[in-house]
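Next comes my_file-v2.cif, with mmCIF, C-alpha atoms.
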```
data_coords
loop_
_atom_site.label_atom_id
_atom_site.label_comp_id
_atom_site.auth_asym_id
_atom_site.auth_seq_id
_atom_site.Cartn_x
_atom_site.Cartn_y
_atom_site.Cartn_z
CA ARG A 1 -69.04 -2.90 -37.50
CA VAL A 2 -69.57 0.08 -35.24
CA SER A 3 -68.80 -2.10 -32.23
CA PHE A 4 -65.60 -3.37 -33.87
CA MET A 5 -64.41 0.19 -34.63
CA SER A 6 -65.04 1.37 -31.09
CA ASN A 7 -63.05 -1.60 -29.74
CA GLN A 8 -60.16 -0.57 -31.95
CA LYS A 9 -60.05 2.80 -30.24
CA GLN A 10 -59.75 1.27 -26.78
CA PRO A 11 -56.07 0.91 -25.64
CA LYS A 12 -55.17 -2.71 -25.14
CA PRO A 13 -54.33 -3.68 -21.55
CA THR A 14 -50.58 -4.27 -21.04
CA LEU A 15 -48.60 -6.03 -18.37
CA SER A 16 -45.49 -3.96 -17.71
CA GLY A 17 -42.21 -5.60 -16.65
CA GLN A 18 -42.19 -3.41 -13.57
CA ARG A 19 -45.37 -4.96 -12.22
CA PHE A 20 -43.93 -8.43 -12.63
CA LYS A 21 -40.84 -7.35 -10.69
CA THR A 22 -42.98 -5.94 -7.93
CA ARG A 23 -44.98 -9.12 -7.76
CA LYS A 24 -41.84 -11.23 -7.53
CA ARG A 25 -40.48 -9.05 -4.77
CA ASP A 26 -43.82 -9.30 -2.95
CA GLU A 27 -43.28 -13.04 -2.67
CA LYS A 28 -40.77 -12.23 0.10
CA GLU A 29 -42.39 -11.17 3.33
CA ARG A 30 -42.39 -7.41 3.74
CA PHE A 31 -41.83 -6.17 7.27
CA GLU A 32 -40.87 -3.01 9.03
CA PRO A 33 -37.30 -3.14 10.41
CA ALA A 34 -38.58 -4.09 13.88
CA GLN A 35 -40.56 -7.03 12.50
CA PHE A 36 -37.60 -8.10 10.35
CA GLN A 37 -35.40 -7.93 13.46
CA ASP A 38 -37.85 -10.07 15.45
CA CYS A 39 -37.78 -12.77 12.76
CA ILE A 40 -33.97 -12.87 12.67
CA ILE A 41 -33.62 -12.85 16.47
CA GLN A 42 -36.29 -15.56 16.82
CA GLY A 43 -34.33 -17.73 14.36
CA LEU A 44 -31.03 -17.09 16.14
CA SER A 45 -32.55 -18.06 19.49
CA GLU A 46 -33.29 -21.48 17.96
CA THR A 47 -29.77 -21.94 16.53
CA GLY A 48 -28.03 -20.95 19.77
CA THR A 49 -24.28 -20.31 19.55
CA ASP A 50 -23.69 -23.10 17.01
CA LEU A 51 -22.28 -20.92 14.21
CA GLU A 52 -22.73 -23.66 11.59
CA ALA A 53 -26.45 -23.65 12.42
CA VAL A 54 -26.45 -19.83 12.34
CA ALA A 55 -24.96 -19.84 8.82
CA LYS A 56 -27.58 -22.38 7.62
CA PHE A 57 -30.42 -20.38 9.16
CA LEU A 58 -29.23 -17.15 7.48
CA ASP A 59 -28.83 -18.94 4.16
CA ALA A 60 -32.39 -20.31 4.27
CA SER A 61 -33.95 -17.07 5.58
CA GLY A 62 -32.67 -15.08 2.60
CA ALA A 63 -35.26 -16.82 0.44
CA LYS A 64 -38.11 -15.56 2.67
CA LEU A 65 -36.90 -12.31 4.18
CA ASP A 66 -35.96 -9.14 2.31
CA TYR A 67 -32.20 -8.99 2.97
CA ARG A 68 -31.71 -6.42 0.26
CA ARG A 69 -34.01 -3.94 1.98
CA TYR A 70 -32.94 -4.65 5.55
CA ALA A 71 -29.20 -5.32 5.12
CA GLU A 72 -28.28 -2.74 7.77
CA THR A 73 -30.66 -4.25 10.32
CA LEU A 74 -29.38 -7.76 9.55
CA PHE A 75 -25.73 -6.78 10.07
CA ASP A 76 -26.51 -4.70 13.18
CA ILE A 77 -28.04 -7.83 14.73
CA LEU A 78 -25.17 -10.14 13.75
CA VAL A 79 -22.55 -7.72 15.12
CA ALA A 80 -24.25 -5.98 18.07
CA GLY A 81 -27.23 -8.20 18.89
CA GLY A 82 -29.91 -5.74 17.79
CA MET A 83 -30.64 -2.56 15.84
CA LEU A 84 -28.18 0.23 16.62
CA ALA A 85 -29.29 3.78 17.30
CA PRO A 86 -27.09 6.66 16.04
CA GLY A 87 -23.85 6.71 18.04
CA GLY A 88 -23.75 2.94 18.47
CA THR A 89 -26.15 2.27 21.36
CA LEU A 90 -28.74 -0.51 21.26
CA ALA A 91 -32.34 0.66 21.25
CA ASP A 92 -33.88 -0.16 24.66
CA ASP A 93 -37.32 -1.11 23.43
CA MET A 94 -36.08 -3.66 20.86
CA MET A 95 -35.49 -7.40 21.07
CA ARG A 96 -31.85 -8.48 21.42
CA THR A 97 -29.82 -11.63 20.91
CA ASP A 98 -26.60 -12.94 22.43
CA VAL A 99 -25.81 -14.75 19.19
CA CYS A 100 -23.63 -11.92 17.90
CA VAL A 101 -20.03 -10.75 17.66
CA PHE A 102 -20.23 -8.39 20.65
CA ALA A 103 -21.54 -11.12 23.00
CA ALA A 104 -19.00 -13.72 21.84
CA GLN A 105 -15.66 -14.71 23.38
CA GLU A 106 -12.89 -12.17 22.81
CA ASP A 107 -10.39 -14.39 21.00
CA LEU A 108 -9.10 -14.89 17.48
CA GLU A 109 -10.55 -18.37 17.01
CA THR A 110 -14.10 -17.21 17.81
CA MET A 111 -13.76 -14.22 15.49
CA GLN A 112 -12.48 -16.50 12.71
CA ALA A 113 -15.63 -18.62 13.14
CA PHE A 114 -17.83 -15.49 12.95
CA ALA A 115 -15.91 -14.35 9.85
CA GLN A 116 -16.98 -17.61 8.20
CA VAL A 117 -20.64 -16.78 8.92
CA PHE A 118 -20.26 -13.43 7.12
CA ASN A 119 -18.28 -15.03 4.27
CA LYS A 120 -20.94 -17.67 3.61
CA LEU A 121 -23.78 -15.17 3.81
CA ILE A 122 -22.16 -12.70 1.39
CA ARG A 123 -21.07 -15.44 -1.02
CA ARG A 124 -24.65 -16.72 -1.07
CA TYR A 125 -26.28 -13.26 -1.41
CA LYS A 126 -23.73 -11.31 -3.45
CA TYR A 127 -25.85 -8.14 -3.34
CA LEU A 128 -25.09 -7.85 0.41
CA GLU A 129 -21.43 -7.03 -0.33
CA LYS A 130 -21.96 -3.26 -0.64
CA GLY A 131 -24.35 -3.16 2.34
CA PHE A 132 -21.80 -4.97 4.49
CA GLU A 133 -19.01 -2.53 3.57
CA ASP A 134 -21.33 0.38 4.43
CA GLU A 135 -22.16 -1.32 7.73
CA VAL A 136 -18.50 -1.70 8.72
CA LYS A 137 -17.79 1.94 7.80
CA LYS A 138 -20.69 2.94 10.06
CA LEU A 139 -19.58 0.65 12.91
CA LEU A 140 -16.09 2.18 12.81
CA LEU A 141 -17.59 5.66 13.14
CA PHE A 142 -19.57 4.39 16.18
CA LEU A 143 -16.48 3.00 17.98
CA LYS A 144 -16.76 5.44 20.90
CA GLY A 145 -20.22 4.05 21.67
CA PHE A 146 -18.85 0.51 22.15
CA SER A 147 -17.00 -1.00 25.11
CA GLU A 148 -13.28 -1.76 24.84
CA SER A 149 -14.01 -5.48 24.54
CA GLU A 150 -16.57 -4.87 21.77
CA ARG A 151 -14.05 -2.72 19.88
CA ASN A 152 -11.42 -5.44 20.21
CA LYS A 153 -13.75 -8.09 18.78
CA LEU A 154 -14.79 -5.82 15.92
CA ALA A 155 -11.12 -5.03 15.19
CA MET A 156 -10.15 -8.72 15.08
CA LEU A 157 -13.15 -9.57 12.89
CA THR A 158 -12.41 -6.68 10.50
CA GLY A 159 -8.75 -7.74 10.20
CA ILE A 160 -9.78 -11.32 9.30
CA LEU A 161 -12.37 -10.13 6.76
CA LEU A 162 -9.80 -7.79 5.16
CA ALA A 163 -7.35 -10.70 4.95
CA ASN A 164 -9.79 -13.04 3.20
CA GLY A 165 -11.06 -10.38 0.79
CA THR A 166 -14.64 -10.11 2.13
CA LEU A 167 -13.93 -6.44 2.92
CA ASN A 168 -12.04 -3.81 0.94
CA ALA A 169 -9.40 -1.76 2.81
CA SER A 170 -11.25 1.45 1.86
CA VAL A 171 -13.55 0.81 4.89
CA LEU A 172 -10.64 1.94 7.08
CA ASN A 173 -11.16 5.53 5.94
CA SER A 174 -13.69 5.78 8.79
CA LEU A 175 -10.79 5.54 11.26
CA TYR A 176 -9.57 8.95 10.12
CA ASN A 177 -12.58 10.56 11.78
CA GLU A 178 -11.25 13.55 13.75
CA ASN A 179 -12.85 12.62 17.10
CA LEU A 180 -11.71 8.99 16.95
CA VAL A 181 -8.16 10.06 16.11
CA LYS A 182 -8.04 12.78 18.77
CA GLU A 183 -9.11 10.43 21.58
CA GLY A 184 -6.69 7.66 20.58
CA VAL A 185 -9.52 5.28 19.63
CA SER A 186 -8.34 4.88 16.01
CA ALA A 187 -4.76 3.93 16.89
CA ALA A 188 -5.83 1.44 19.60
CA PHE A 189 -8.35 -0.15 17.21
CA ALA A 190 -5.71 -0.32 14.45
CA VAL A 191 -3.37 -2.33 16.71
CA LYS A 192 -5.90 -5.17 17.14
CA LEU A 193 -6.99 -4.97 13.51
CA PHE A 194 -3.47 -5.18 12.03
CA LYS A 195 -2.50 -7.98 14.42
CA SER A 196 -5.33 -10.19 13.18
CA TRP A 197 -4.83 -9.12 9.53
CA ILE A 198 -1.08 -9.90 9.59
CA ASN A 199 -1.79 -13.13 11.51
CA GLU A 200 -4.04 -14.29 8.62
CA LYS A 201 -1.70 -13.09 5.83
CA ASP A 202 1.59 -11.21 6.16
CA ILE A 203 2.81 -7.61 6.00
CA ASN A 204 3.39 -7.81 2.21
CA ALA A 205 -0.22 -8.82 1.54
CA VAL A 206 -1.42 -6.05 3.87
CA ALA A 207 0.80 -3.54 2.02
CA VAL A 208 -0.70 -4.57 -1.36
CA SER A 209 -4.27 -4.07 -0.05
CA LEU A 210 -3.41 -0.66 1.42
CA ARG A 211 -1.65 0.45 -1.78
CA LYS A 212 -4.71 -0.44 -3.90
CA VAL A 213 -6.82 2.11 -2.01
CA ASN A 214 -4.02 4.72 -1.63
CA MET A 215 -3.76 4.21 2.12
CA ASP A 216 -0.14 3.00 2.21
CA ASN A 217 1.07 6.55 2.92
CA ARG A 218 -1.74 7.58 5.30
CA LEU A 219 -1.19 5.32 8.32
CA MET A 220 0.41 8.09 10.38
CA GLU A 221 -2.92 9.95 10.18
CA LEU A 222 -4.22 7.49 12.81
CA PHE A 223 -2.54 9.91 15.25
CA PRO A 224 -3.28 13.61 15.88
CA ALA A 225 -1.24 16.09 13.79
CA ASN A 226 1.25 16.78 16.62
CA LYS A 227 2.09 13.05 16.85
CA GLN A 228 2.33 12.27 13.13
CA SER A 229 6.01 11.33 13.03
CA VAL A 230 7.73 8.10 12.02
CA GLU A 231 9.35 7.96 15.48
CA HIS A 232 6.02 8.16 17.33
CA PHE A 233 4.31 5.67 14.99
CA SER A 234 7.24 3.26 15.21
CA LYS A 235 7.41 3.40 19.04
CA TYR A 236 3.63 2.96 19.46
CA PHE A 237 3.24 -0.03 17.14
CA THR A 238 6.55 -1.70 18.06
CA GLU A 239 5.58 -1.62 21.75
CA ALA A 240 2.21 -3.13 20.77
CA GLY A 241 4.03 -6.05 19.09
CA LEU A 242 3.73 -4.84 15.49
CA LYS A 243 7.36 -4.24 14.57
CA GLU A 244 6.75 -5.27 10.93
CA LEU A 245 4.11 -2.54 10.56
CA SER A 246 6.49 0.04 12.09
CA GLU A 247 9.22 -0.97 9.65
CA TYR A 248 6.78 -0.86 6.74
CA VAL A 249 5.74 2.72 7.58
CA ARG A 250 9.36 3.77 8.09
CA ASN A 251 10.18 2.31 4.68
CA GLN A 252 7.18 4.03 3.05
CA GLN A 253 8.27 7.34 4.53
CA SER A 254 11.78 6.79 3.25
CA ILE A 255 10.50 5.97 -0.26
CA GLY A 256 8.43 9.18 -0.21
CA ALA A 257 11.42 11.22 0.94
CA ARG A 258 13.64 9.68 -1.76
CA LYS A 259 11.10 10.47 -4.48
CA GLU A 260 10.82 14.03 -3.23
CA LEU A 261 14.61 14.36 -3.13
CA GLN A 262 14.97 13.14 -6.73
CA LYS A 263 12.25 15.50 -7.96
CA GLU A 264 13.82 18.51 -6.21
CA LEU A 265 17.32 17.56 -7.42
CA GLN A 266 16.18 17.45 -11.04
CA GLU A 267 14.54 20.86 -10.66
CA GLN A 268 17.71 22.32 -9.12
CA MET A 269 19.83 20.88 -11.92
CA SER A 270 17.52 22.16 -14.65
CA ARG A 271 17.69 25.63 -13.06
CA GLY A 272 21.48 25.40 -12.97
CA ASP A 273 21.75 25.97 -9.20
CA PRO A 274 25.34 26.11 -7.86
CA PHE A 275 26.71 22.73 -6.74
CA LYS A 276 27.44 24.04 -3.23
CA ASP A 277 23.73 24.84 -2.77
CA ILE A 278 22.66 21.44 -4.14
CA ILE A 279 25.18 19.64 -1.89
CA MET A 280 23.95 21.54 1.18
CA TYR A 281 20.30 20.72 0.36
CA VAL A 282 21.04 17.00 -0.18
CA LYS A 283 23.01 16.72 3.07
CA GLU A 284 20.16 18.32 5.02
CA GLU A 285 17.67 15.87 3.47
CA MET A 286 19.96 12.92 4.27
CA LYS A 287 20.09 13.95 7.91
CA LYS A 288 16.39 14.78 8.19
CA ASN A 289 15.11 11.57 6.57
CA ASN A 290 17.93 9.23 7.59
CA ILE A 291 18.93 8.50 3.96
CA SER A 292 22.24 6.70 3.44
CA GLU A 293 25.03 7.97 1.17
CA GLN A 294 24.64 4.83 -1.01
CA THR A 295 20.99 5.68 -1.63
CA VAL A 296 21.85 9.32 -2.36
CA ILE A 297 24.58 8.53 -4.88
CA ALA A 298 22.12 6.33 -6.80
CA ILE A 299 19.57 9.18 -6.83
CA ILE A 300 22.16 11.74 -7.98
CA TRP A 301 23.40 9.44 -10.78
CA SER A 302 19.84 8.88 -11.98
CA SER A 303 19.07 12.63 -11.82
CA VAL A 304 22.28 13.60 -13.65
CA MET A 305 21.58 11.10 -16.45
CA SER A 306 17.95 12.19 -16.86
CA THR A 307 18.72 15.88 -17.47
CA VAL A 308 20.04 15.24 -21.01
CA GLU A 309 18.55 14.21 -24.35
CA TRP A 310 21.11 11.56 -25.33
CA ASN A 311 22.37 11.10 -28.88
CA LYS A 312 21.16 7.85 -30.48
CA LYS A 313 24.47 7.23 -32.26
CA GLU A 314 26.87 5.05 -30.31
CA GLU A 315 29.99 6.83 -31.61
CA LEU A 316 28.69 10.23 -30.48
CA VAL A 317 27.03 9.36 -27.18
CA ALA A 318 30.29 8.45 -25.38
CA GLU A 319 31.75 11.88 -26.15
CA GLN A 320 28.51 13.57 -25.07
CA ALA A 321 28.42 11.53 -21.81
CA ILE A 322 32.04 12.35 -20.89
CA LYS A 323 31.47 16.07 -21.42
CA HIS A 324 28.26 16.01 -19.35
CA LEU A 325 29.62 13.85 -16.50
CA LYS A 326 32.85 15.84 -16.24
CA GLN A 327 30.71 18.88 -15.45
CA TYR A 328 28.83 16.99 -12.70
CA SER A 329 31.77 15.07 -11.19
CA PRO A 330 32.22 17.55 -8.24
CA LEU A 331 28.61 16.87 -7.22
CA LEU A 332 29.06 13.08 -7.45
CA ALA A 333 32.41 13.27 -5.61
CA ALA A 334 30.71 14.96 -2.64
CA PHE A 335 28.67 11.78 -2.04
CA THR A 336 31.28 9.06 -2.62
CA THR A 337 33.15 9.46 0.66
CA GLN A 338 32.70 5.74 1.47
CA GLY A 339 33.90 2.69 -0.47
CA GLN A 340 30.37 1.26 -0.44
CA SER A 341 29.00 4.42 -2.08
CA GLU A 342 31.66 4.17 -4.81
CA LEU A 343 30.72 0.54 -5.42
CA THR A 344 27.02 1.52 -5.59
CA LEU A 345 27.87 4.13 -8.22
CA LEU A 346 29.87 1.60 -10.26
CA LEU A 347 26.92 -0.81 -10.24
CA LYS A 348 24.56 1.99 -11.28
CA ILE A 349 26.87 2.92 -14.18
CA GLN A 350 27.03 -0.75 -15.25
CA GLU A 351 23.25 -1.09 -15.07
CA TYR A 352 22.69 2.14 -17.03
CA CYS A 353 25.16 1.21 -19.80
CA TYR A 354 23.56 -2.24 -20.13
CA ASP A 355 19.97 -0.95 -20.16
CA ASN A 356 20.78 1.82 -22.68
CA ILE A 357 22.36 -0.01 -25.59
CA HIS A 358 24.11 3.07 -27.05
CA PHE A 359 26.17 3.30 -23.85
CA MET A 360 27.61 -0.24 -24.01
CA LYS A 361 31.00 0.97 -25.25
CA ALA A 362 31.06 4.03 -22.96
CA PHE A 363 31.36 2.15 -19.65
CA GLN A 364 35.17 2.13 -19.39
CA LYS A 365 35.45 5.78 -20.48
CA ILE A 366 33.00 6.86 -17.72
CA VAL A 367 34.86 4.87 -15.04
CA VAL A 368 38.23 6.30 -16.10
CA LEU A 369 36.79 9.84 -16.09
CA PHE A 370 35.47 9.33 -12.54
CA TYR A 371 38.79 7.88 -11.41
CA LYS A 372 40.65 10.94 -12.72
CA ALA A 373 38.04 13.28 -11.16
CA GLU A 374 38.42 11.48 -7.80
CA VAL A 375 34.82 10.33 -7.77
CA LEU A 376 36.04 6.69 -7.75
CA SER A 377 39.19 5.20 -6.22
CA GLU A 378 41.31 2.11 -6.95
CA GLU A 379 39.96 -0.27 -4.30
CA PRO A 380 36.23 -0.20 -5.20
CA ILE A 381 37.09 -0.47 -8.93
CA LEU A 382 39.28 -3.54 -8.27
CA LYS A 383 36.59 -5.05 -6.02
CA TRP A 384 33.94 -4.46 -8.71
CA TYR A 385 36.19 -6.13 -11.30
CA LYS A 386 37.01 -9.14 -9.11
CA ASP A 387 33.63 -10.18 -7.69
CA ALA A 388 31.20 -7.30 -7.03
CA HIS A 389 29.94 -6.67 -10.59
CA LEU A 390 26.42 -7.43 -11.84
CA ALA A 391 25.65 -10.19 -14.35
CA LYS A 392 24.27 -7.58 -16.80
CA GLY A 393 26.74 -7.24 -19.70
CA LYS A 394 29.44 -8.72 -17.47
CA SER A 395 31.68 -10.16 -20.21
CA VAL A 396 31.57 -6.95 -22.30
CA PHE A 397 32.33 -4.62 -19.39
CA LEU A 398 35.04 -6.80 -17.82
CA GLU A 399 36.77 -6.98 -21.19
CA GLN A 400 36.57 -3.18 -21.53
CA MET A 401 38.09 -2.72 -18.07
CA LYS A 402 40.85 -5.33 -18.36
CA LYS A 403 43.73 -3.01 -19.37
CA PHE A 404 42.73 -0.25 -16.95
CA VAL A 405 42.49 -2.73 -14.07
CA GLU A 406 45.94 -4.13 -14.91
CA TRP A 407 47.29 -0.58 -14.91
CA LEU A 408 45.64 0.05 -11.51
CA LYS A 409 47.15 -3.13 -10.05
CA ASN A 410 50.61 -2.13 -11.28
CA ALA A 411 50.14 1.37 -9.88
CA GLU A 412 49.11 -0.12 -6.51
CA GLU A 413 52.15 -2.43 -6.51
CA GLY A 414 54.39 0.56 -7.43
CA LYS A 415 52.99 2.50 -4.46
CA GLY A 416 53.60 -0.47 -2.20
CA ALA A 417 57.16 -0.83 -3.37
CA ALA A 418 57.76 2.90 -2.87
CA ARG A 419 56.39 2.64 0.69
CA LEU A 420 58.78 -0.23 1.41
CA GLY A 421 61.68 1.80 0.00
CA CYS A 422 62.35 -0.62 -2.89
#
```
So, in terms of structure tokens, how does the structure I just supplied come out?
Amino acid sequence: RVSFMSNQKQPKPTLSGQRFKTRKRDEKERFEPAQFQDCIIQGLSETGTDLEAVAKFLDASGAKLDYRRYAETLFDILVAGGMLAPGGTLADDMMRTDVCVFAAQEDLETMQAFAQVFNKLIRRYKYLEKGFEDEVKKLLLFLKGFSESERNKLAMLTGILLANGTLNASVLNSLYNENLVKEGVSAAFAVKLFKSWINEKDINAVAVSLRKVNMDNRLMELFPANKQSVEHFSKYFTEAGLKELSEYVRNQQSIGARKELQKELQEQMSRGDPFKDIIMYVKEEMKKNNISEQTVIAIIWSSVMSTVEWNKKEELVAEQAIKHLKQYSPLLAAFTTQGQSELTLLLKIQEYCYDNIHFMKAFQKIVVLFYKAEVLSEEPILKWYKDAHLAKGKSVFLEQMKKFVEWLKNAEEGKGAARLGC
């Protein structure tokens, strides 16, 4: 009994989950990075430059070698041929292989084949995804340590991997490194990268990827501060054969400028700034950012309509709208100096009245007000009525305008007759 009691006091031996995990991990051979490198390079020397064989070797080796622990070493070898020292140089005392991106042919087809090797490896060992992204970020920071040919190959490969989704566009943040930008390395690298990326997809797909990581408005930062202009960017990339990228950046810049203009306009209106000051500001912005009058009239209409809390009752909103728009007609008139701008405004009014149901019956009243205030003239109104209107609420609005349009036609004919002396 004494023996039994003393056994009760002894803690029972336990097998913790952690020890099992350690044992499982120990099944893979544990090496130092240099030993791991030797194993990979030895295997690559047997595959030669047959990239199908390389992919199979890497797939099989993942079961024996600790890829999780030595991901950086693995990717260094596959890209540069051996372990990279800080700055991007290959360590002299280490084994090297020519079965790598940097020793391959500098052409798109070869880089596409290498991209497949990385794709297969990362699909097979999903945990390598993060390590590979970290590797590419590091390689981009090391660009100055590589030859021009090595940079070109890395750029092409990165573009292909961005196109097929193996890499996330956030890796490109490394290109904004001050030294790389200052020495023109980032911009030159970006040319090759975007060429291969757009070649695999198109500019729209590239734009979506950049937007997801908030880089769609940062491309000009590939140049030093004194060269960060749309003109410089456009010239550089157009001359490099990337006109679509130049146009995309120009468009992005224009969108940014338009948003800024609308925001400032609404603030000026809410403060009650004089129209002459607002008109001067808008004209300066148009000139500075190359914004057309058609674009500006749409922005002004939208800003004018957003400064009011509209009545929800249909019978009251028309009266409220006429009073409000009469006040702003001098501002609108300043930016309808072209027939196309007047037509743009008419389409915006039609769209607004259709989208805001309480305004459906106010359309004709607004057009007549603008005609009297010389915001709109006969010709654009007649053109809108004949064939330039939108499909939205077409039958309702054309019916509303019928009598006014007939009156306009008669007035035009009367003027013609007067000119002929009839």
### Task
Would you write out, as a VMD selection string, every residue that the PyMOL selection byres ((chain A and resi 221) around 12) captures in this file?
chain A and resid 172 to 178 180 to 182 184 186 to 187 190 215 to 220 222 to 230 232 to 233 249
Give me the residues near A:Gly87 as a list of chain:residue names, where near means some atom within 12 Å (using all atoms listed in the file) and where sequence neighbours in that chain fewer than 3 positions away do not count. A:Met83, A:Leu84, A:Leu90, A:Ala91, A:Lys138, A:Leu139, A:Leu140, A:Leu141, A:Phe142, A:Leu143, A:Lys144, A:Gly145, A:Phe146
For the structure provided, state which residues fall under the PyMOL selection byres ((chain A and resi 283-299) around 7), and present them as a ChimeraX atom specification. /A:254,257,262,279-282,300-303,332,335,340-341,344-345,348
Min atom-atom distance to A:Cys100 from the set A:Gly82, A:Gly43, A:Pro274, A:Gly241, counting only C-alpha atoms, belongs to A:Gly82
One decimal place gives the atom CA of A:Trp310-atom CA of A:Arg258 separation as 24.8 Å
Contacts of A:Glu314 at 8 Å (all atoms listed in the file; same-chain gap of 2+ positions) as an MDAnalysis selection string
chainID A and resid 311:312 316:318 358:359 361
Practice task
Show me as a ChimeraX atom specification the residues that reach within 10 Å of (4.7, -0.2, 12.6), counting all atoms listed in the file and using the file's own coordinates.
Solution key: /A:191,194,219-220,230-251
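Distances here use all atoms listed in the file; by that measure, the residue among A:His389, A:Gln320, A:Met95, A:Gln327 closest to A:Lys365 is A:Gln320.
Separating atom CA of A:Ala103 from atom CA of A:Glu32 is a distance of 25.2 Å.
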request  = Compute the distance from (-6.4, -11.7, 5.9) to each atom, counting only C-alpha atoms, keep the residues with any atom at most 6 Å away, and return them as a ChimeraX atom specification; use the coordinates of the file.
outcome  = /A:160,162-164,197,200-201
Let me have the centre and edge lengths in Å, one decimal, of the box along x, y and z around every listed atom of stretch 207-217 of chain A with 6 Å of margin on each side, as JSON.
```
{"center_x": -2.9, "center_y": 1.0, "center_z": -0.5, "size_x": 19.9, "size_y": 23.1, "size_z": 18.8}
```
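Between atom CA of A:Ser147 and atom CA of A:Asp134 lies a distance of 21.2 Å.
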Could I see stretch 211-216 of chain A restored to all heavy atoms, set down as a compact mmCIF listing (two decimals), keeping the file's coordinate frame?
```
# COMPACT_ATOMS: atom_id res chain seq x y z
N ARG A 211 -2.10 -0.30 -0.60
CA ARG A 211 -1.65 0.45 -1.78
C ARG A 211 -2.80 0.60 -2.79
O ARG A 211 -2.95 1.62 -3.42
CB ARG A 211 -0.48 -0.29 -2.43
CG ARG A 211 0.45 0.62 -3.25
CD ARG A 211 1.69 -0.12 -3.72
NE ARG A 211 2.47 -0.64 -2.63
CZ ARG A 211 2.83 -1.92 -2.50
NH1 ARG A 211 2.48 -2.81 -3.40
NH2 ARG A 211 3.55 -2.32 -1.47
N LYS A 212 -3.60 -0.45 -2.92
CA LYS A 212 -4.71 -0.44 -3.90
C LYS A 212 -5.71 0.69 -3.62
O LYS A 212 -6.36 1.17 -4.53
CB LYS A 212 -5.46 -1.78 -3.87
CG LYS A 212 -4.77 -2.86 -4.69
CD LYS A 212 -5.58 -4.14 -4.63
CE LYS A 212 -4.86 -5.27 -5.35
NZ LYS A 212 -5.50 -6.57 -5.10
N VAL A 213 -5.85 1.05 -2.35
CA VAL A 213 -6.82 2.11 -2.01
C VAL A 213 -6.11 3.40 -1.55
O VAL A 213 -6.68 4.24 -0.87
CB VAL A 213 -7.83 1.62 -0.94
CG1 VAL A 213 -8.70 0.51 -1.49
CG2 VAL A 213 -7.13 1.16 0.34
N ASN A 214 -4.83 3.51 -1.94
CA ASN A 214 -4.02 4.72 -1.63
C ASN A 214 -3.94 5.03 -0.14
O ASN A 214 -3.98 6.20 0.26
CB ASN A 214 -4.56 5.94 -2.39
CG ASN A 214 -4.48 5.75 -3.88
OD1 ASN A 214 -3.48 5.26 -4.39
ND2 ASN A 214 -5.53 6.12 -4.58
N MET A 215 -3.86 3.99 0.67
CA MET A 215 -3.76 4.21 2.12
C MET A 215 -2.38 3.86 2.65
O MET A 215 -2.13 3.97 3.85
CB MET A 215 -4.82 3.40 2.86
CG MET A 215 -6.20 3.99 2.66
SD MET A 215 -7.46 3.10 3.57
CE MET A 215 -7.06 3.56 5.23
N ASP A 216 -1.48 3.43 1.76
CA ASP A 216 -0.14 3.00 2.21
C ASP A 216 0.66 4.16 2.80
O ASP A 216 1.56 3.95 3.61
CB ASP A 216 0.63 2.33 1.07
CG ASP A 216 0.59 3.12 -0.24
OD1 ASP A 216 -0.41 3.81 -0.48
OD2 ASP A 216 1.56 3.05 -1.01
```
